[in-house]
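Chemist: My file is protein18.cif. It has mmCIF, C-alpha atoms:
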data_upload
loop_
_atom_site.label_atom_id
_atom_site.label_comp_id
_atom_site.auth_asym_id
_atom_site.auth_seq_id
_atom_site.Cartn_x
_atom_site.Cartn_y
_atom_site.Cartn_z
CA MET A 1 108.86 140.28 109.39
CA LEU A 2 109.62 137.24 107.31
CA GLN A 3 112.24 137.59 104.65
CA PRO A 4 110.98 136.59 101.19
CA SER A 5 111.90 132.97 100.65
CA ARG A 6 113.90 131.79 97.66
CA ARG A 7 110.66 130.48 96.17
CA ASP A 8 108.95 133.86 96.50
CA VAL A 9 111.87 135.44 94.70
CA LEU A 10 111.63 132.82 91.96
CA ILE A 11 107.90 133.41 91.57
CA GLY A 12 108.55 137.14 91.28
CA GLY A 13 110.98 136.22 88.55
CA ALA A 14 108.27 134.30 86.74
CA ALA A 15 106.06 137.37 86.69
CA ALA A 16 108.93 139.39 85.29
CA LEU A 17 109.56 136.68 82.73
CA GLY A 18 105.91 136.75 81.68
CA LEU A 19 106.19 140.47 81.00
CA GLY A 20 109.44 139.91 79.16
CA LEU A 21 107.92 137.32 76.88
CA VAL A 22 105.03 139.55 75.88
CA GLY A 23 107.51 141.81 74.09
CA CYS A 24 108.80 138.95 71.97
CA SER A 25 106.26 137.92 69.39
CA ALA A 26 106.05 134.41 68.04
CA GLY A 27 108.55 133.61 65.31
CA GLU A 28 110.96 136.29 66.46
CA ILE A 29 114.07 134.51 67.66
CA PRO A 30 116.30 136.71 69.77
CA VAL A 31 119.84 136.67 68.47
CA VAL A 32 122.59 137.32 70.98
CA GLY A 33 126.12 137.95 69.70
CA GLY A 34 125.41 136.18 66.44
CA LEU A 35 124.16 133.06 68.25
CA VAL A 36 120.51 132.05 68.22
CA ARG A 37 119.37 132.00 71.81
CA ASP A 38 117.01 129.21 72.92
CA PRO A 39 113.76 131.14 73.52
CA ASP A 40 112.85 128.66 76.28
CA GLN A 41 116.11 128.90 78.21
CA ASP A 42 114.62 131.21 80.85
CA VAL A 43 111.57 128.97 81.25
CA ARG A 44 113.82 125.95 81.65
CA ASP A 45 116.23 127.67 84.07
CA LEU A 46 113.42 128.96 86.25
CA SER A 47 111.76 125.52 86.33
CA VAL A 48 115.03 123.87 87.33
CA SER A 49 115.80 126.35 90.12
CA ASP A 50 112.26 126.09 91.46
CA GLU A 51 112.44 122.28 91.55
CA GLN A 52 115.81 122.52 93.33
CA ALA A 53 114.28 124.89 95.88
CA LEU A 54 111.37 122.49 96.46
CA ILE A 55 113.76 119.56 96.91
CA ALA A 56 115.72 121.59 99.48
CA GLU A 57 112.47 122.36 101.33
CA TYR A 58 111.51 118.69 101.51
CA GLU A 59 115.00 117.63 102.58
CA ALA A 60 114.94 120.22 105.36
CA ALA A 61 111.45 119.13 106.43
CA ILE A 62 112.52 115.47 106.62
CA ARG A 63 115.63 116.37 108.64
CA THR A 64 113.52 118.37 111.08
CA HIS A 65 110.71 115.81 111.28
CA PRO A 66 112.05 112.30 110.57
CA ASP A 67 108.62 110.94 111.53
CA LEU A 68 107.21 112.62 108.40
CA ALA A 69 109.74 110.85 106.16
CA ALA A 70 107.41 108.03 105.08
CA ARG A 71 104.93 110.63 103.91
CA LEU A 72 107.33 113.16 102.39
CA GLU A 73 109.93 110.92 100.73
CA PRO A 74 107.65 109.73 97.89
CA ILE A 75 106.87 113.39 97.09
CA LEU A 76 110.57 114.29 97.28
CA GLU A 77 111.22 111.44 94.83
CA HIS A 78 108.63 112.92 92.43
CA HIS A 79 110.44 116.26 92.51
CA SER A 80 113.77 114.55 91.83
CA GLU A 81 112.18 112.90 88.80
CA HIS A 82 110.80 116.26 87.66
CA LEU A 83 114.24 117.80 87.99
CA SER A 84 115.88 114.95 86.06
CA ALA A 85 113.32 115.32 83.27
CA LEU A 86 113.90 119.09 83.11
CA THR A 87 117.69 118.86 83.08
CA GLY A 88 117.72 115.77 80.89
CA THR A 89 120.14 114.09 83.23
CA GLY A 90 119.95 111.64 86.09
CA THR A 91 122.30 113.61 88.31
CA ALA A 92 121.31 114.73 91.75
CA PRO A 93 120.82 118.46 92.29
CA SER A 94 123.54 120.44 93.97
CA PRO A 95 122.51 120.63 97.60
CA SER A 96 121.00 123.95 98.48
CA GLN A 97 122.19 125.81 101.55
CA ALA A 98 118.71 127.24 102.13
CA ARG A 99 117.45 126.39 105.61
CA PRO A 100 114.36 127.54 107.42
CA SER A 101 115.45 130.05 110.05
CA ALA A 102 113.24 128.56 112.78
CA THR A 103 112.22 124.95 113.47
CA PRO A 104 108.55 124.73 112.58
CA GLY A 105 106.30 122.09 114.13
CA ARG A 106 104.72 119.27 112.13
CA ALA A 107 101.51 121.12 111.30
CA ALA A 108 103.44 124.25 110.32
CA THR A 109 105.81 122.20 108.17
CA LEU A 110 102.95 120.53 106.30
CA LYS A 111 101.23 123.88 105.86
CA ARG A 112 104.44 125.38 104.49
CA LEU A 113 104.85 122.50 102.02
CA ARG A 114 101.21 122.74 100.89
CA LYS A 115 101.77 126.44 100.22
CA ALA A 116 104.97 125.64 98.32
CA GLU A 117 103.15 123.07 96.16
CA ARG A 118 100.30 125.49 95.45
CA SER A 119 102.82 128.09 94.30
CA ALA A 120 104.68 125.44 92.30
CA THR A 121 101.46 124.36 90.54
CA ARG A 122 100.74 127.97 89.58
CA LEU A 123 104.32 128.65 88.49
CA ARG A 124 104.54 125.46 86.44
CA THR A 125 101.22 126.31 84.76
CA ASP A 126 102.46 129.83 83.93
CA LEU A 127 105.72 128.46 82.56
CA ALA A 128 103.91 125.82 80.47
CA VAL A 129 101.85 128.64 78.94
CA ALA A 130 104.99 130.72 78.35
CA ALA A 131 107.04 127.88 76.82
CA THR A 132 107.38 128.00 73.03
CA GLY A 133 108.67 124.45 72.62
CA GLN A 134 105.87 121.88 72.64
CA ASP A 135 107.86 119.18 74.43
CA LEU A 136 108.84 121.54 77.23
CA ALA A 137 105.26 122.85 77.53
CA LEU A 138 103.96 119.29 77.74
CA LEU A 139 106.53 118.31 80.36
CA LEU A 140 105.70 121.36 82.48
CA ALA A 141 101.98 120.61 82.19
CA GLN A 142 102.60 117.06 83.42
CA ILE A 143 104.71 118.35 86.30
CA SER A 144 101.96 120.82 87.22
CA CYS A 145 99.53 117.89 87.53
CA SER A 146 101.93 116.08 89.84
CA GLU A 147 102.39 119.16 92.00
CA ARG A 148 98.62 119.61 92.17
CA SER A 149 98.40 116.01 93.44
CA HIS A 150 100.93 116.81 96.17
CA ILE A 151 98.62 119.42 97.70
CA LEU A 152 96.14 116.60 98.29
CA LEU A 153 98.82 114.21 99.58
CA LEU A 154 99.86 116.85 102.14
CA ALA A 155 96.31 117.48 103.38
CA GLY A 156 95.77 117.28 107.13
CA ASP A 157 98.09 118.33 109.93
CA GLN A 158 99.40 114.94 111.01
CA MET B 1 91.16 126.33 69.91
CA ALA B 2 91.20 124.23 66.80
CA THR B 3 88.20 122.01 66.13
CA ASP B 4 90.42 118.95 66.36
CA VAL B 5 91.30 119.83 69.95
CA TRP B 6 87.62 120.19 70.82
CA ARG B 7 86.83 116.91 69.10
CA GLN B 8 89.37 115.01 71.19
CA ILE B 9 88.03 116.64 74.34
CA LEU B 10 84.47 115.82 73.24
CA LEU B 11 85.26 112.13 72.75
CA ALA B 12 87.14 111.78 76.03
CA GLU B 13 84.42 113.60 78.02
CA ASP B 14 81.64 111.62 76.31
CA ALA B 15 83.42 108.38 77.18
CA ALA B 16 83.66 109.61 80.77
CA VAL B 17 79.90 110.31 80.89
CA TYR B 18 79.25 106.78 79.63
CA ALA B 19 81.70 105.22 82.06
CA TYR B 20 80.40 107.10 85.10
CA ALA B 21 76.90 105.71 84.48
CA VAL B 22 78.46 102.25 84.80
CA VAL B 23 80.41 103.37 87.88
CA ALA B 24 77.22 104.71 89.49
CA ALA B 25 75.30 101.52 88.67
CA ASN B 26 77.97 99.46 90.43
CA SER B 27 78.36 101.75 93.44
CA THR B 28 76.38 102.50 96.56
CA GLY B 29 76.09 105.36 99.03
CA GLU B 30 78.58 108.19 98.80
CA TRP B 31 80.50 106.55 95.94
CA GLN B 32 77.35 106.36 93.87
CA GLN B 33 76.65 110.02 94.57
CA ALA B 34 80.25 110.88 93.65
CA ALA B 35 79.83 108.99 90.35
CA LEU B 36 76.59 110.81 89.56
CA ASP B 37 78.18 114.17 90.36
CA ALA B 38 81.17 113.33 88.18
CA ARG B 39 78.81 112.29 85.39
CA THR B 40 77.08 115.67 85.53
CA LEU B 41 80.41 117.49 85.49
CA HIS B 42 81.70 115.54 82.50
CA ALA B 43 78.41 115.95 80.65
CA ARG B 44 78.79 119.71 81.04
CA ALA B 45 82.35 119.57 79.66
CA ARG B 46 81.20 117.35 76.79
CA ASP B 47 78.30 119.66 75.88
CA SER B 48 80.58 122.66 75.99
CA ALA B 49 83.01 120.94 73.58
CA ALA B 50 80.08 119.95 71.33
CA ASP B 51 78.86 123.58 71.26
CA ARG B 52 82.32 124.78 70.22
CA ILE B 53 82.45 122.23 67.39
CA THR B 54 78.95 123.10 66.20
CA GLY B 55 79.80 126.80 66.44
CA SER B 56 82.69 126.35 64.03
CA GLY B 57 80.55 124.38 61.59
CA GLY B 58 81.72 120.92 62.65
CA ASP B 59 79.79 117.78 63.48
CA PRO B 60 79.86 116.88 67.19
CA ALA B 61 78.99 113.22 66.60
CA THR B 62 79.96 110.76 69.32
CA PRO B 63 79.87 106.96 69.42
CA SER B 64 76.65 105.66 70.92
CA VAL B 65 78.31 102.72 72.66
CA TYR B 66 81.66 102.31 74.30
CA GLU B 67 83.46 99.10 75.08
CA LEU B 68 84.65 99.00 78.67
CA PRO B 69 88.27 97.98 79.22
CA PHE B 70 87.28 95.37 81.80
CA VAL B 71 84.20 93.86 83.37
CA VAL B 72 82.64 96.09 86.01
CA LYS B 73 80.40 94.24 88.41
CA ASN B 74 81.35 95.53 91.84
CA GLN B 75 82.50 98.59 93.73
CA LYS B 76 86.20 97.79 93.37
CA ALA B 77 86.02 97.51 89.58
CA ALA B 78 83.79 100.60 89.47
CA LYS B 79 86.43 102.67 91.27
CA GLN B 80 89.10 101.28 88.98
CA LEU B 81 87.04 102.34 85.96
CA ALA B 82 86.65 105.85 87.38
CA ARG B 83 90.43 106.08 87.90
CA THR B 84 91.07 104.83 84.38
CA VAL B 85 88.66 107.38 82.92
CA GLU B 86 90.15 110.29 84.83
CA LEU B 87 93.73 109.32 83.96
CA ARG B 88 92.72 109.08 80.32
CA LEU B 89 91.33 112.61 80.63
CA VAL B 90 94.59 113.81 82.19
CA ASP B 91 96.38 112.41 79.18
CA THR B 92 93.88 113.83 76.68
CA TYR B 93 94.09 117.32 78.14
CA VAL B 94 97.88 117.29 78.55
CA ILE B 95 98.33 116.30 74.90
CA GLN B 96 96.27 119.35 73.86
CA VAL B 97 98.99 121.58 75.32
CA ALA B 98 100.92 121.08 72.07
CA ALA B 99 98.00 122.34 69.96
CA THR B 100 97.02 125.33 72.11
CA SER B 101 98.47 128.58 73.39
CA ASP B 102 97.76 131.34 75.89
CA SER B 103 94.45 131.08 77.76
CA ASP B 104 93.36 127.96 75.84
CA ARG B 105 96.54 126.22 76.93
CA ARG B 106 95.95 127.34 80.50
CA ASP B 107 92.42 125.92 80.34
CA VAL B 108 93.54 122.48 79.14
CA ILE B 109 96.29 122.34 81.79
CA GLU B 110 93.81 123.24 84.55
CA SER B 111 91.43 120.57 83.24
CA ALA B 112 94.28 118.02 83.40
CA GLN B 113 95.02 119.07 86.98
CA ALA B 114 91.35 118.71 87.96
CA ALA B 115 91.22 115.21 86.45
CA THR B 116 94.38 114.31 88.39
CA VAL B 117 92.67 115.27 91.64
CA ARG B 118 89.56 113.25 90.73
CA ALA B 119 91.68 110.19 89.88
CA MET B 120 93.17 110.45 93.38
CA ARG B 121 89.75 110.69 94.98
CA TRP B 122 88.93 107.38 93.25
CA GLY B 123 92.03 105.83 94.79
CA TRP B 124 94.85 106.58 92.35
CA ASP B 125 98.25 106.69 94.05
CA PRO B 126 99.97 109.53 92.20
CA SER B 127 103.26 109.15 90.36
CA ALA B 128 105.79 111.79 89.29
CA PHE B 129 104.18 111.93 85.85
CA PRO B 130 100.67 111.11 84.70
CA PRO B 131 100.86 107.44 83.74
CA GLY B 132 99.43 107.83 80.25
CA PRO B 133 96.76 105.57 78.81
CA GLY B 134 96.80 101.96 79.91
CA THR B 135 99.80 102.25 82.20
CA ASP B 136 98.02 102.66 85.53
CA GLN B 137 99.30 99.66 87.50
CA SER B 138 95.99 99.41 89.32
CA ALA B 139 94.14 99.34 85.99
CA PRO B 140 96.09 96.99 83.73
CA ALA B 141 93.38 96.78 81.11
CA ALA B 142 93.29 98.98 78.02
CA PRO B 143 91.88 102.46 78.52
CA VAL B 144 88.31 103.29 77.78
CA PRO B 145 86.84 103.67 75.34
CA SER B 146 87.19 101.55 72.28
CA PRO B 147 84.24 103.12 70.55
CA THR B 148 82.06 100.72 68.66
CA ARG B 149 79.25 101.99 66.52
CA SER B 150 75.97 100.29 67.26
#
Translate the structure described by the file into structure tokens.
Modeler:
Amino acid sequence: MLQPSRRDVLIGGAAALGLGLVGCSAGEIPVVGGLVRDPDQDVRDLSVSDEQALIAEYEAAIRTHPDLAARLEPILEHHSEHLSALTGTGTAPSPSQARPSATPGRAATLKRLRKAERSATRLRTDLAVAATGQDLALLLAQISCSERSHILLLAGDQ
Amino acid sequence: MATDVWRQILLAEDAAVYAYAVVAANSTGEWQQAALDARTLHARARDSAADRITGSGGDPATPSVYELPFVVKNQKAAKQLARTVELRLVDTYVIQVAATSDSDRRDVIESAQAATVRAMRWGWDPSAFPPGPGTDQSAPAAPVPSPTRS
């Protein structure tokens, strides 16, 4: 049996977040300890951790298959730009320790990345719908378009 | 969705219908078929937007003529026009995110994603973010359309 990947866990979190947001009607700002909490903090945090997980997946794929680097590096660069836009900084992400347990072949690696991008497109769409801030919603919508384009870039097994 | 959202979608889709006729006229074989299919698809989206505007008592008027951003006389320029049109649609739909919520917002995001895929099929090399109007390096001219009433 495969263990649920970090991404699967994150996507589960998105579902939970969706349920959580239903209970908080528009205009109601949750106040925690006298401080006004940013209603989009969870959306932002989840987007950042998902982009970090994607970056780790691409870095691992390139290490395992250096011959795929020319194809995967431009996509990896897109994800780094997404992460920078989400965090509002130009800093590199903290390297993730997540590693695939086995060494998948080229076709399996591409298939795994296509699946990851499909999940990312869905998650980013869900988060853009959940976001209350317009700028964040717009940014997530743009990122979802980029991730949708990656599915096409990763088509084929070579 | 607010009528203003539908109006912007209507204008962008109507411009796409116009542009794809030009793309088809300057294409052959499978590219011409792709342009005709895209024209049908955009006409459906345009008519649906027009119905929504009419349904809420608005006027779904569209310009009868559009000015193309560059001269289209061969297959290469035709593909460039198709890319430009689709990227403009990506931009149009993404902008509507700010004016929509819930399932309407989901719809406009999915429309933006679909236009992204079509831009790629016409040869767009994707970037980390949709390029926005007029910034596609392969299409340096201004985006379509600059509507001119005839």
Chemist: Would you work out the distance separating CA of Gln52 (chain A) from CA of Gln113 (chain B), expressed in Å to one decimal?
Modeler: 22.0 Å
Chemist: Which residue gives the smallest distance to Tyr58 (chain A) among A:Leu154, A:Ile143, A:Val36, A:Leu127, with only C-alpha atoms counted?
Modeler: A:Leu154
Chemist: Running the PyMOL selection byres ((chain B and resi 80) around 10) on this model by hand, what would come out? Give it as a PyMOL selection string.
Modeler: chain B and resi 23+70+72+75-79+81-86+119+122-124+136+138-140
Chemist: For the residues in that selection, give me C-alpha atoms as a PDB file, keeping the file's coordinate frame.
Modeler:
ATOM      1  CA  VAL B  23      80.410 103.370  87.880  1.00  0.00           C
ATOM      2  CA  PHE B  70      87.280  95.370  81.800  1.00  0.00           C
ATOM      3  CA  VAL B  72      82.640  96.090  86.010  1.00  0.00           C
ATOM      4  CA  GLN B  75      82.500  98.590  93.730  1.00  0.00           C
ATOM      5  CA  LYS B  76      86.200  97.790  93.370  1.00  0.00           C
ATOM      6  CA  ALA B  77      86.020  97.510  89.580  1.00  0.00           C
ATOM      7  CA  ALA B  78      83.790 100.600  89.470  1.00  0.00           C
ATOM      8  CA  LYS B  79      86.430 102.670  91.270  1.00  0.00           C
ATOM      9  CA  LEU B  81      87.040 102.340  85.960  1.00  0.00           C
ATOM     10  CA  ALA B  82      86.650 105.850  87.380  1.00  0.00           C
ATOM     11  CA  ARG B  83      90.430 106.080  87.900  1.00  0.00           C
ATOM     12  CA  THR B  84      91.070 104.830  84.380  1.00  0.00           C
ATOM     13  CA  VAL B  85      88.660 107.380  82.920  1.00  0.00           C
ATOM     14  CA  GLU B  86      90.150 110.290  84.830  1.00  0.00           C
ATOM     15  CA  ALA B 119      91.680 110.190  89.880  1.00  0.00           C
ATOM     16  CA  TRP B 122      88.930 107.380  93.250  1.00  0.00           C
ATOM     17  CA  GLY B 123      92.030 105.830  94.790  1.00  0.00           C
ATOM     18  CA  TRP B 124      94.850 106.580  92.350  1.00  0.00           C
ATOM     19  CA  ASP B 136      98.020 102.660  85.530  1.00  0.00           C
ATOM     20  CA  SER B 138      95.990  99.410  89.320  1.00  0.00           C
ATOM     21  CA  ALA B 139      94.140  99.340  85.990  1.00  0.00           C
ATOM     22  CA  PRO B 140      96.090  96.990  83.730  1.00  0.00           C
TER      23      PRO B 140
END
Chemist: Point out the residue among B:Ala61, B:Leu89, B:Ala43, B:Val71 with the least atom-to-atom distance to Ala12 (chain B), counting all atoms listed in the file.
Modeler: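 Of B:Ala61, B:Leu89, B:Ala43, B:Val71, the one nearest Ala12 (chain B) is B:Leu89, counting all atoms listed in the file.
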Chemist: Could you state the separation of CA of Arg39 (chain B) and CA of Asn74 (chain B) in Å, given to one decimal place?
Modeler: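 Answer for the CA of Arg39 (chain B) to CA of Asn74 (chain B) separation: 18.1 Å.
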Chemist: Counting all atoms listed in the file, which residues of chain B come no farther than 12 Å from chain A, as a compact mmCIF listing (two decimals) with C-alpha atoms, in the coordinates of the input?
Modeler:
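out_28.txt, freshly written:
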# COMPACT_ATOMS: atom_id res chain seq x y z
CA LEU B 87 93.73 109.32 83.96
CA LEU B 89 91.33 112.61 80.63
CA VAL B 90 94.59 113.81 82.19
CA ASP B 91 96.38 112.41 79.18
CA THR B 92 93.88 113.83 76.68
CA TYR B 93 94.09 117.32 78.14
CA VAL B 94 97.88 117.29 78.55
CA ILE B 95 98.33 116.30 74.90
CA GLN B 96 96.27 119.35 73.86
CA VAL B 97 98.99 121.58 75.32
CA ALA B 98 100.92 121.08 72.07
CA ALA B 99 98.00 122.34 69.96
CA THR B 100 97.02 125.33 72.11
CA SER B 101 98.47 128.58 73.39
CA ASP B 102 97.76 131.34 75.89
CA SER B 103 94.45 131.08 77.76
CA ASP B 104 93.36 127.96 75.84
CA ARG B 105 96.54 126.22 76.93
CA ARG B 106 95.95 127.34 80.50
CA ASP B 107 92.42 125.92 80.34
CA VAL B 108 93.54 122.48 79.14
CA ILE B 109 96.29 122.34 81.79
CA GLU B 110 93.81 123.24 84.55
CA SER B 111 91.43 120.57 83.24
CA ALA B 112 94.28 118.02 83.40
CA GLN B 113 95.02 119.07 86.98
CA ALA B 114 91.35 118.71 87.96
CA ALA B 115 91.22 115.21 86.45
CA THR B 116 94.38 114.31 88.39
CA VAL B 117 92.67 115.27 91.64
CA ARG B 118 89.56 113.25 90.73
CA ALA B 119 91.68 110.19 89.88
CA MET B 120 93.17 110.45 93.38
CA ARG B 121 89.75 110.69 94.98
CA GLY B 123 92.03 105.83 94.79
CA TRP B 124 94.85 106.58 92.35
CA ASP B 125 98.25 106.69 94.05
CA PRO B 126 99.97 109.53 92.20
CA SER B 127 103.26 109.15 90.36
CA ALA B 128 105.79 111.79 89.29
CA PHE B 129 104.18 111.93 85.85
CA PRO B 130 100.67 111.11 84.70
CA PRO B 131 100.86 107.44 83.74
CA GLY B 132 99.43 107.83 80.25
